[in-house]
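See structure below.
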Amino acid sequence: METLKKEKTASTKQSTKRISGAEAIIHCLLAEGVDLIYGYPGGAIMPLYDELYKFQDKLTHILTRHEQGATHAAQGYARVTGKVGVAVATSGPGATNLITGIADAQIDSTPMVCITGQVARHLLGSDAFQETDIIGISTPVTKWNCQVTKASEIPEVLAKAFYIARSGRPGPVLVDITKNAQIDEFDFSYEHCKGVRSYNPYPKPDIKAIKEAANLINAAKKPFIVFGQGVILGEAEEQLKTLVEKAGIPAAWTILGLSAMDTDHPLNVGMVGMHGNYGPNLLTNECDVLIAIGMRFDDRVTGSLDTYAKQAKIIHFDIDPAEINKNVKADVAVLGDSKVTLDLLLPMIKTNSHDSWHNEFKKKYEIEFDQIIKNDVYPTKDRLTMAEVIEEINIASGHKAIIVSDVGQHQMIACRYAKFKQTKSNVTSGGLGTMGFALPAAIGAKMGAMDREVVAIIGDGGYQMTIQELGTIFQNKTPVKIVVLNNDHLGMVRQWQELFFESRYASTVMVNPDFVKIAEGYHIQSKRISERKDLKATIQEMLASKDAYFLEVKVEKEDNVFPMIPSGASVSDIRLK
Amino acid sequence: MEDWDKEMEKKWFTISVYSENSVGLLNRISGIFLKRHINIESLNVSKSEIDHVSKFTIVVYTTEDWVRNIVGQVEKQIEVIKAFYHTDEETIYQESALFKVASTLLFDERNIQNIIKDSNSQIVTVSRDFFVLSKTGRRNEIDEMYQQLKPYGIMQFVRSGRIAVSKSEMKISSLLKEFNQ
Ligand SMILES: Cc1ncc(C[n+]2csc(CCOP(=O)(O)OP(=O)(O)O)c2C)c(N)n1
Ligand SMILES: [Mg+2]
């Protein structure tokens, strides 16, 4: 694992050398600073695996237990490091198994390069063994993809793949390499990609728009910031904080923006969206200027668009021109990298404070605390709640852990209640809502941040979608902490059935196996608790462990997550029960 | 009425896409329409006024909100340089059609000769068995000619996708320069 931390330096241009396409792939990866990849072998990618064997001292390959796991691990790695995650698979079923992770990376803007093997050039289109049109299949869910049929094309295509994956609004790229291209030899040399003629990843900031934004912000009586992952991807956390403090603006986050700003910052007023906080949702419809930074007005954030912030002037900072006016019309659009545009904005911002406006958020928080948070975090009932588990992790980790959550009630609870001091610390599947994401993503997150505590929060349903990755954890001795919040239900779907389908619980009851025994089968230290008196000590024991640790917490079976904006309703119609 | 079904606001739009000439790009672009359940009414791919730059001309019948959304997504594709959309009033546009008709008609039916003259179409070729007429114009003109010839029997008919140029400028060369500064 020590080698993971070492920075690989490579000269921009290497001298020419005659090597196979497969070896060339390795040199390309090394030149791009990659020292860790995830994958699964098979026929059409075997020449590459043969080279991975030879280069194992320079490039670590982690064998996951399913190709989907490889993509999520690469995503987890990318999300905590900001570097490009890499996943490798064979042709046919290996390649199709990558699709869920690729779609997830696409909608959550995660830089990832996937390399798939393909049948030999002369067999393309012959329905050869394990031939599948992965280029056709992956096109709608990749930022870019490309098939390579000649060894000599490998360096240029891979250089372009990494450049595209990480530049501008990041995203997944798939490179499909035929077997002959891996085997054939050619004169290798490598040049980093510095640009693609038809691609403009960093739109030039428009000073006029930034001035207009500054004027609106300076004149605002009730300004409100909503920030998303664009702040993290642009590494503009400091700029955001300065803006918030200088102008005295309450700021809320989308689920992917979480951890870009200290959760305890006085002006951090919480989460927007379906299960977000009461104040920021309600007050979205009372602010006079809404400043959206690196977020895309997802429907889970806005609820009904017809009643979303209609009273407010909207300022939208984003790097992707296609996001401007896509869902919400912007009065002022500021295109560009968030760090660059905020740096230009800050000198134009007047020092200000909006105490009585900020107070409205505090008042709303009190209502939410009384009716929801208190009962979630400090319950008086017998059974454990999900929120008190998260709170105990907050306390024991000192707000310093990386939290990787799966999808469902436990995810909403984790994101609502987890505390963060440091950016890039919340890893979750936001846009796609992929159950099964967390366990493999936690592996990648841990390998990307070996010096940090990584805690996966998973539901009993989602856990069983990628549970086989316990094998990866066991084999690699990856010290992740796994917490399954077991309500014996597909809880989030059950909640919807209760609220909107008259409690007809169709297929949401889970008869679960003995999770502790399963973890033991993988030789992972494990424990099950169901009582409050055991919670604190067990969480402490888990976090104190140097090795992987599995903890199953039996929680209340039929709790609901509130507040809630019913799907398609207005943010003003947020329900407290 | 649902947002996506604003029948009254639908119009004809011509989308012009300047791009690299690369394998798979057509699939990538058409997928953007597929994802939104919007039909492509006509499609034409050709070279453009700039060396090594291709031009897609795509016709859709939809709302302006959707066409703006689509153009944004199309333009975002790595190999697309720029995409524009225009209404019919903002473009000069045409389609071409070929009609294959039995030769006997040319000699036996006086009316056929009038149709050829009135429609401003051209005889491309004449052989013993058939002759081929070509007609370029607006779609309704081609439809009209089709209706006129139909009673006599059309052996084969084909019409091209719309091709269009905009009245306003599409500054691709300067854009390319700006991208690559
Ligand atoms: C792959 C996938 N399939 C289905 C869903 C729909 N879904 C969303 S939440 C959920 C229930 C999750 O149950 P569990 O993992 O036990 O978490 P809980 O809500 O109980 O905390 C389901 C089925 C999904 N998000 N992803
Ligand atoms: Mg559950």
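Residue numbering restarts at 1 in every chain; chains get A, B, ... in the order shown in the structure tokens, and ligands count up from 1 in that same order.
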Inset, instruction - Enumerate the residues of stretch 246-392 of chain A with a DSSP assignment of alpha helix (DSSP H), computed from the backbone, and present them as a PyMOL selection string. - result: chain A and resi 246-247+278-284+299-302+338-345+355-368+374-377+386-392
Counting only C-alpha atoms, which residues of chain A come no farther than 8 Å from chain B, as an mmCIF file with N, CA and C atoms, in the first residue's frame?
data_model
loop_
_atom_site.group_PDB
_atom_site.id
_atom_site.type_symbol
_atom_site.label_atom_id
_atom_site.label_comp_id
_atom_site.auth_asym_id
_atom_site.auth_seq_id
_atom_site.Cartn_x
_atom_site.Cartn_y
_atom_site.Cartn_z
ATOM 1 N N GLY A 136 -21.092 1.098 -28.690
ATOM 2 C CA GLY A 136 -22.501 1.451 -28.875
ATOM 3 C C GLY A 136 -23.241 1.504 -27.548
ATOM 4 N N THR A 139 -22.022 4.565 -25.264
ATOM 5 C CA THR A 139 -22.052 5.937 -25.806
ATOM 6 C C THR A 139 -22.913 6.911 -24.997
ATOM 7 N N PRO A 140 -24.162 6.568 -24.676
ATOM 8 C CA PRO A 140 -24.962 7.580 -23.970
ATOM 9 C C PRO A 140 -24.531 7.842 -22.529
ATOM 10 N N LYS A 143 -18.531 10.377 -21.306
ATOM 11 C CA LYS A 143 -18.185 11.713 -21.805
ATOM 12 C C LYS A 143 -17.550 11.562 -23.187
ATOM 13 N N TRP A 144 -16.803 10.478 -23.340
ATOM 14 C CA TRP A 144 -16.185 10.181 -24.631
ATOM 15 C C TRP A 144 -15.860 8.694 -24.643
ATOM 16 N N GLY A 195 -4.862 19.339 -25.535
ATOM 17 C CA GLY A 195 -6.092 19.960 -26.020
ATOM 18 C C GLY A 195 -6.696 19.143 -27.140
ATOM 19 N N VAL A 196 -7.958 19.296 -27.335
ATOM 20 C CA VAL A 196 -8.658 18.641 -28.437
ATOM 21 C C VAL A 196 -9.352 19.773 -29.187
ATOM 22 N N ARG A 197 -9.126 19.853 -30.489
ATOM 23 C CA ARG A 197 -9.527 21.044 -31.230
ATOM 24 C C ARG A 197 -11.011 21.396 -31.088
ATOM 25 N N SER A 198 -11.879 20.390 -30.991
ATOM 26 C CA SER A 198 -13.314 20.680 -30.975
ATOM 27 C C SER A 198 -13.875 20.806 -29.553
ATOM 28 N N TYR A 199 -13.001 20.806 -28.557
ATOM 29 C CA TYR A 199 -13.443 20.698 -27.160
ATOM 30 C C TYR A 199 -12.905 21.869 -26.354
ATOM 31 N N ASN A 200 -13.803 22.567 -25.682
ATOM 32 C CA ASN A 200 -13.435 23.768 -24.946
ATOM 33 C C ASN A 200 -13.796 23.587 -23.474
ATOM 34 N N PRO A 321 -21.759 24.757 -20.082
ATOM 35 C CA PRO A 321 -22.755 25.651 -20.705
ATOM 36 C C PRO A 321 -24.124 24.981 -20.843
ATOM 37 N N ALA A 322 -24.142 23.654 -20.991
ATOM 38 C CA ALA A 322 -25.422 22.966 -21.192
ATOM 39 C C ALA A 322 -26.273 22.973 -19.921
ATOM 40 N N LYS A 326 -30.964 25.035 -18.259
ATOM 41 C CA LYS A 326 -31.499 23.700 -18.562
ATOM 42 C C LYS A 326 -32.769 23.451 -17.762
#
Inset, instruction - Please extract the residues at most 7 Å from ligand 2, counting only C-alpha atoms and all ligand atoms, and provide them as a PyMOL selection string, using the chain letters and residue numbers of this document. - result: chain A and resi 459-461+485-491
Inset, instruction - Write out as a ChimeraX atom specification each polymer residue (protein, DNA or RNA) that has an atom no more than 10 Å from ligand 1, with only C-alpha atoms and all ligand atoms counted. - result: /A:100,386,405-414,429-430,432-437,457-465,484-496,507-510,555,557-561
Inset, instruction - Check the DSSP output for the backbone and give back, as a ChimeraX atom specification, the residues of chain B in strand (DSSP E). - result: /B:11-19,42-47,54-62,80-87,91-102,122-126,130-137,156-159,163-166
Inset, instruction - Find the distance between atom CA of B:Asp88 and atom CA of B:Glu9 and write it in Å to one decimal. - result: 14.6 Å
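Each of A:Leu335, A:Ala24, A:Val516, A:Ile164 was checked against A:Val113 using only C-alpha atoms; the smallest atom-to-atom distance is that of A:Ile164.
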Legend entry - Atomic separation - atom CA of A:Glu67 relative to atom CA of A:Ile154, Å: 22.5 Å
Inset, instruction - Determine the nearest neighbour of B:Phe157 from the options B:Phe99, B:Phe107, B:Phe33, B:Phe131, counting only C-alpha atoms. - result: B:Phe99
Inset, instruction - Please provide the set of residues having any atom within 9 Å of stretch 205-207 of chain A, restricted to only C-alpha atoms, with same-chain residues fewer than 2 positions apart removed, written as a VMD selection string. - result: chain A and resid 202 to 203 209 to 212 334 to 337 340 to 341 344 to 345
Those selected residues, please, written with N, CA, C and O atoms and delivered as a JSON list (two decimals), in the first residue's frame.
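As a result, out.json now contains:
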[["chain", "number", "residue", "atom", "x", "y", "z"],
["A", 202, "TYR", "N", -12.70, 24.74, -20.60],
["A", 202, "TYR", "CA", -12.72, 25.85, -19.65],
["A", 202, "TYR", "C", -13.19, 27.13, -20.33],
["A", 202, "TYR", "O", -12.37, 27.89, -20.84],
["A", 203, "PRO", "N", -14.50, 27.36, -20.34],
["A", 203, "PRO", "CA", -15.00, 28.56, -20.99],
["A", 203, "PRO", "C", -14.38, 29.81, -20.35],
["A", 203, "PRO", "O", -14.18, 29.84, -19.13],
["A", 209, "ALA", "N", -20.51, 39.51, -16.85],
["A", 209, "ALA", "CA", -21.46, 38.68, -16.10],
["A", 209, "ALA", "C", -21.07, 38.64, -14.62],
["A", 209, "ALA", "O", -21.92, 38.69, -13.73],
["A", 210, "ILE", "N", -19.78, 38.55, -14.36],
["A", 210, "ILE", "CA", -19.32, 38.51, -12.97],
["A", 210, "ILE", "C", -19.65, 39.82, -12.26],
["A", 210, "ILE", "O", -20.09, 39.82, -11.10],
["A", 211, "LYS", "N", -19.49, 40.96, -12.97],
["A", 211, "LYS", "CA", -19.87, 42.26, -12.38],
["A", 211, "LYS", "C", -21.36, 42.30, -12.07],
["A", 211, "LYS", "O", -21.77, 42.77, -11.00],
["A", 212, "GLU", "N", -22.15, 41.81, -13.00],
["A", 212, "GLU", "CA", -23.61, 41.79, -12.77],
["A", 212, "GLU", "C", -23.94, 40.93, -11.55],
["A", 212, "GLU", "O", -24.80, 41.30, -10.74],
["A", 334, "VAL", "N", -22.77, 32.69, -14.98],
["A", 334, "VAL", "CA", -21.31, 32.87, -14.98],
["A", 334, "VAL", "C", -20.68, 31.53, -15.33],
["A", 334, "VAL", "O", -20.65, 30.60, -14.53],
["A", 335, "LEU", "N", -20.19, 31.45, -16.56],
["A", 335, "LEU", "CA", -19.58, 30.22, -17.03],
["A", 335, "LEU", "C", -18.12, 30.17, -16.61],
["A", 335, "LEU", "O", -17.44, 31.18, -16.66],
["A", 336, "GLY", "N", -17.67, 28.99, -16.25],
["A", 336, "GLY", "CA", -16.24, 28.84, -15.98],
["A", 336, "GLY", "C", -15.97, 27.95, -14.78],
["A", 336, "GLY", "O", -16.89, 27.54, -14.07],
["A", 337, "ASP", "N", -14.69, 27.69, -14.59],
["A", 337, "ASP", "CA", -14.21, 26.93, -13.45],
["A", 337, "ASP", "C", -14.54, 27.71, -12.17],
["A", 337, "ASP", "O", -14.27, 28.91, -12.08],
["A", 340, "VAL", "N", -11.84, 29.91, -10.59],
["A", 340, "VAL", "CA", -11.47, 31.08, -11.39],
["A", 340, "VAL", "C", -12.55, 32.15, -11.29],
["A", 340, "VAL", "O", -12.26, 33.33, -11.04],
["A", 341, "THR", "N", -13.81, 31.76, -11.44],
["A", 341, "THR", "CA", -14.88, 32.77, -11.46],
["A", 341, "THR", "C", -15.08, 33.37, -10.07],
["A", 341, "THR", "O", -15.28, 34.58, -9.94],
["A", 344, "LEU", "N", -12.46, 35.90, -9.32],
["A", 344, "LEU", "CA", -12.73, 37.18, -9.99],
["A", 344, "LEU", "C", -13.86, 37.94, -9.30],
["A", 344, "LEU", "O", -13.89, 39.16, -9.26],
["A", 345, "LEU", "N", -14.79, 37.18, -8.74],
["A", 345, "LEU", "CA", -15.96, 37.80, -8.10],
["A", 345, "LEU", "C", -15.60, 38.46, -6.76],
["A", 345, "LEU", "O", -16.05, 39.57, -6.46]]
Which polymer residues have any atom within 8 Å of an atom of stretch 140-154 of chain B, counting only C-alpha atoms, with same-chain residues fewer than 3 positions away left out, as a compact mmCIF listing (two decimals) with N, CA and C atoms, in the first residue's frame?
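Below you can see part_30.txt, which holds the result:
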# COMPACT_ATOMS: atom_id res chain seq x y z
N SER B 96 -34.11 17.37 -51.91
CA SER B 96 -34.09 16.88 -53.29
C SER B 96 -34.81 15.56 -53.36
N ALA B 97 -35.40 15.28 -54.51
CA ALA B 97 -36.09 14.00 -54.67
C ALA B 97 -35.82 13.43 -56.05
N PHE B 99 -37.55 10.69 -58.84
CA PHE B 99 -38.72 9.88 -59.23
C PHE B 99 -38.31 8.98 -60.39
N LYS B 100 -38.56 7.69 -60.27
CA LYS B 100 -38.31 6.78 -61.39
C LYS B 100 -39.68 6.37 -61.95
N VAL B 101 -39.87 6.64 -63.25
CA VAL B 101 -41.18 6.42 -63.87
C VAL B 101 -41.00 5.63 -65.16
N ALA B 102 -41.99 4.84 -65.52
CA ALA B 102 -41.90 4.01 -66.73
C ALA B 102 -41.78 4.89 -67.98
N LEU B 105 -44.75 6.12 -70.25
CA LEU B 105 -45.56 7.25 -69.82
C LEU B 105 -45.14 8.54 -70.49
N ILE B 112 -47.90 14.12 -68.40
CA ILE B 112 -46.61 13.96 -67.72
C ILE B 112 -45.66 15.09 -68.13
N ILE B 115 -46.47 18.12 -66.24
CA ILE B 115 -46.03 18.04 -64.83
C ILE B 115 -44.54 18.39 -64.73
N SER B 119 -43.42 21.75 -62.71
CA SER B 119 -42.77 21.54 -61.42
C SER B 119 -41.32 21.97 -61.44
N LYS B 135 -36.05 16.60 -58.64
CA LYS B 135 -36.72 17.84 -58.24
C LYS B 135 -36.10 18.35 -56.94
N THR B 136 -35.73 19.62 -56.92
CA THR B 136 -35.19 20.22 -55.70
C THR B 136 -36.12 21.34 -55.27
N GLY B 137 -36.41 21.41 -54.00
CA GLY B 137 -37.28 22.49 -53.53
C GLY B 137 -37.75 22.25 -52.12
N PHE B 157 -39.27 6.05 -55.58
CA PHE B 157 -39.21 7.44 -55.13
C PHE B 157 -38.26 7.55 -53.95
